[in-house]
Every structure is written in C-alpha cells, then in structure tokens.
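Chemist: Attaching a single structure in structure tokens format; questions to follow.
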Amino acid sequence: MDFFDVVKNRYSTRAYQDRPVEEEKIFQVIEAARLAPSASNRQEWRFIVVRDLEKRQALGDIAHKQAFIGQAPVVIAACAATDDHMMSCGQPCYPIDVAIALEHISLAAVALGLGTCWIGAFDEAPAKKLLGVPADVRIVQLMPLGYPADKPRPKTRLRREEILMWDGWRK
C-alpha cells in the first residue's frame, strides 16, 4: 500500500474481529516502533504486548469502561523507561518519543490490514499494577491492535488554509 494511502486509511478502530493477530505481524509493528526516531537517541520506549483475555478486558475497565479495548486480540501498553530528560526547547522527551513510536505502529498496522486506536483515557496506577510495571516506568498510552470489524467514519479535518502559515504566526 502506498504511504499516503496508509495515512488516508488510518482511523480509530473501535471494533475488532474475533481473530488473532499473527505473531509475525506483531513483530513487524514493533519493529516499526523500534526504528522510530527519539530525542538524543534515548529510545526510552518499551512495549508490553497483552494477548491474555482477562488482562485485555481488565485494561478496558481501567480505561474508563471502554469494552472494545478488551475485545481487541492484542493491547499494546506503550511505556517509557525514562530519566525524565528535557529537550532544550523545554519539552520532556518521553511522551513525544513514545508518541512517535506509536504512530509508526499505527501506520504499520494499516499497511498490514490491521487497525489500532490511541487510548489516553485510562488510570495509570491500576494498569501498572495489572501489568507489573515498575514504579519508575510510565505507561504513556494503550493501543488495541487487531483486524477491524468496523468501517471508518468520514474524517472531519480543518482545511489546509486553517492550519498552514508561512514564515510566522498568522492572526
């Protein structure tokens, strides 16, 4: 699939087929994340691939009762083993780096016929307890992964003229 088709076809999948994701495809999406850029090449990201049904369902409950998360055959808990390094622009590295890696996963998933959904609405403490994540590691996002059982809704996006500025901020 052409890269721009991948980008156009990516959507937040909220229903998944009752079909396992092949291990090779899991390895491929994680490889896409592994190759992502990171600030100072810190590579703070770590990924827990959750296939256990009870743990997936518990993650759905921890994510404010979003049951579709537990219905996905895989949930990726995207973590950061971080030293809390700040970039010179004042932004912390780890949330940005993990987000870049997750977008690589999301786009790789589309290219492989899979769907994902970014999940930031969850309670970190019980998720860490469930998955045995150490206190000094952050869970940044959850991302269900599987074969879509739904269809994308039309995308509503701002027009290019509303988001693009040349040579400075436009009032």
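Just remember, in the structure tokens the first chain shown is A, the second B, etc., residues are 1-based per chain, and ligands are 1-based in the order shown.
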Would you list the contacts of region 111-125 of chain A as a list in words, taking every protein, DNA or RNA residue within 7 Å and counting only C-alpha atoms, but skipping same-chain residues closer than 5 positions in sequence?

Modeler: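 Residues near the query, excluding close chain neighbours: Met1, Val6, Ser12, Thr13, Arg14, Ile62, Ala63, His64, Ser106, Ile139, Gln141, Leu142, Met143, Pro144, Leu145, Gly146, Tyr147 and Pro148 of chain A.
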
Chemist: Run DSSP on the backbone and grab whatever in region 30-128 of chain A lands in strand (DSSP E or B); send it over as number ranges by chain.

Modeler: A: 45-50, 74-81, 86, 92, 115-116, 119

Chemist: Between CA of Trp45 (chain A) and CA of Pro126 (chain A), what is the distance in Å, rounded to a tenth?

Modeler: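 Calculated distance between CA of Trp45 (chain A) and CA of Pro126 (chain A) is 19.7 Å.
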
Chemist: Taking the DSSP secondary structure from the backbone, can you list the residues of region 63-170 of chain A that are helix (DSSP H, G or I), as a PyMOL selection string?

Modeler: chain A and resi 67-71+93-111+124-131+160-163

Chemist: Produce a file of the selected residues containing N, CA and C atoms, as a short mmCIF file (atom, residue, chain, number, x, y, z; two decimals), in the first residue's frame.

Modeler:
```cif
data_model
loop_
_atom_site.label_atom_id
_atom_site.label_comp_id
_atom_site.auth_asym_id
_atom_site.auth_seq_id
_atom_site.Cartn_x
_atom_site.Cartn_y
_atom_site.Cartn_z
N ALA A 67 -15.07 -1.09 26.63
CA ALA A 67 -15.06 -2.55 26.43
C ALA A 67 -14.37 -2.98 25.14
N PHE A 68 -14.41 -2.14 24.12
CA PHE A 68 -13.81 -2.54 22.84
C PHE A 68 -12.31 -2.81 22.97
N ILE A 69 -11.68 -2.18 23.97
CA ILE A 69 -10.25 -2.40 24.18
C ILE A 69 -9.99 -3.87 24.51
N GLY A 70 -10.79 -4.42 25.38
CA GLY A 70 -10.63 -5.82 25.76
C GLY A 70 -11.04 -6.79 24.68
N GLN A 71 -11.82 -6.33 23.71
CA GLN A 71 -12.24 -7.19 22.61
C GLN A 71 -11.17 -7.32 21.53
N CYS A 93 11.17 14.52 26.86
CA CYS A 93 11.39 13.62 25.72
C CYS A 93 10.39 12.48 25.65
N TYR A 94 10.17 11.80 26.77
CA TYR A 94 9.50 10.50 26.70
C TYR A 94 8.09 10.51 26.11
N PRO A 95 7.21 11.47 26.43
CA PRO A 95 5.87 11.36 25.83
C PRO A 95 5.90 11.57 24.31
N ILE A 96 6.78 12.44 23.87
CA ILE A 96 6.89 12.70 22.43
C ILE A 96 7.48 11.49 21.72
N ASP A 97 8.54 10.95 22.28
CA ASP A 97 9.19 9.79 21.66
C ASP A 97 8.27 8.58 21.61
N VAL A 98 7.55 8.32 22.68
CA VAL A 98 6.61 7.20 22.69
C VAL A 98 5.50 7.45 21.66
N ALA A 99 5.04 8.68 21.55
CA ALA A 99 4.00 9.00 20.56
C ALA A 99 4.49 8.77 19.14
N ILE A 100 5.72 9.15 18.85
CA ILE A 100 6.27 8.91 17.52
C ILE A 100 6.31 7.41 17.24
N ALA A 101 6.79 6.63 18.20
CA ALA A 101 6.86 5.18 18.03
C ALA A 101 5.47 4.58 17.84
N LEU A 102 4.49 5.07 18.61
CA LEU A 102 3.12 4.56 18.46
C LEU A 102 2.53 4.91 17.11
N GLU A 103 2.85 6.06 16.59
CA GLU A 103 2.32 6.39 15.25
C GLU A 103 2.96 5.50 14.20
N HIS A 104 4.22 5.15 14.39
CA HIS A 104 4.83 4.15 13.49
C HIS A 104 4.05 2.83 13.58
N ILE A 105 3.69 2.42 14.79
CA ILE A 105 2.89 1.19 14.96
C ILE A 105 1.56 1.33 14.25
N SER A 106 0.90 2.45 14.47
CA SER A 106 -0.43 2.68 13.90
C SER A 106 -0.40 2.61 12.38
N LEU A 107 0.58 3.25 11.76
CA LEU A 107 0.67 3.24 10.30
C LEU A 107 1.10 1.87 9.77
N ALA A 108 2.03 1.22 10.46
CA ALA A 108 2.43 -0.13 10.05
C ALA A 108 1.24 -1.08 10.12
N ALA A 109 0.43 -0.91 11.14
CA ALA A 109 -0.76 -1.76 11.30
C ALA A 109 -1.68 -1.63 10.09
N VAL A 110 -1.93 -0.42 9.64
CA VAL A 110 -2.79 -0.22 8.47
C VAL A 110 -2.20 -0.93 7.25
N ALA A 111 -0.89 -0.79 7.06
CA ALA A 111 -0.24 -1.42 5.92
C ALA A 111 -0.37 -2.94 5.97
N GLU A 124 -3.45 5.11 35.16
CA GLU A 124 -2.13 4.51 35.07
C GLU A 124 -1.82 3.56 36.24
N ALA A 125 -2.14 3.94 37.46
CA ALA A 125 -1.74 3.12 38.62
C ALA A 125 -2.30 1.70 38.54
N PRO A 126 -3.61 1.51 38.32
CA PRO A 126 -4.09 0.13 38.23
C PRO A 126 -3.57 -0.61 36.99
N ALA A 127 -3.31 0.12 35.90
CA ALA A 127 -2.74 -0.53 34.71
C ALA A 127 -1.33 -1.02 35.03
N LYS A 128 -0.54 -0.21 35.74
CA LYS A 128 0.81 -0.61 36.12
C LYS A 128 0.76 -1.84 37.03
N LYS A 129 -0.16 -1.84 37.97
CA LYS A 129 -0.29 -2.98 38.88
C LYS A 129 -0.66 -4.24 38.11
N LEU A 130 -1.63 -4.14 37.23
CA LEU A 130 -2.08 -5.29 36.43
C LEU A 130 -0.94 -5.89 35.61
N LEU A 131 -0.11 -5.02 35.03
CA LEU A 131 0.94 -5.48 34.12
C LEU A 131 2.31 -5.62 34.79
N ARG A 160 -6.65 22.99 4.97
CA ARG A 160 -5.23 23.32 4.95
C ARG A 160 -5.02 24.80 5.26
N GLU A 161 -5.87 25.66 4.73
CA GLU A 161 -5.73 27.11 4.94
C GLU A 161 -5.88 27.49 6.41
N GLU A 162 -6.55 26.65 7.19
CA GLU A 162 -6.74 26.94 8.60
C GLU A 162 -5.56 26.50 9.47
N ILE A 163 -4.71 25.63 8.95
CA ILE A 163 -3.61 25.12 9.76
C ILE A 163 -2.22 25.50 9.25
#
```

Chemist: Got a sec: who's within 7 Å of region 46-50 of chain A, counting only C-alpha atoms, leaving out chain neighbours fewer than 5 positions off, as a list in words?

Modeler: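 Using only C-alpha atoms, the neighbours found are Arg56, Val74, Val75, Ile76, Ala77, Ala78, Cys79, Ala80 and Ala81 of chain A.
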
Chemist: Print the selection's residues with C-alpha atoms to a file, as a CSV table (one decimal), in the first residue's frame.

Modeler:
```csv
chain,number,residue,atom,x,y,z
A,56,ARG,CA,-7.2,-7.1,28.0
A,74,VAL,CA,-3.9,-7.5,21.3
A,75,VAL,CA,-3.4,-4.4,23.5
A,76,ILE,CA,-0.1,-2.7,23.4
A,77,ALA,CA,0.8,-0.9,26.6
A,78,ALA,CA,3.3,1.8,25.5
A,79,CYS,CA,5.7,2.5,28.3
A,80,ALA,CA,8.6,4.8,28.9
A,81,ALA,CA,11.7,3.7,30.9
```

Chemist: Expressed in Å to a single decimal, how great is the separation between CA of Gln57 (chain A) and CA of Asp18 (chain A)?

Modeler: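 That distance, rounded to one decimal, is 13.9 Å.
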
Chemist: Measure the distance from CA of Gly60 (chain A) to CA of Val21 (chain A) in Å and round it to one decimal.

Modeler: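 Between CA of Gly60 (chain A) and CA of Val21 (chain A) the gap works out to 18.4 Å.
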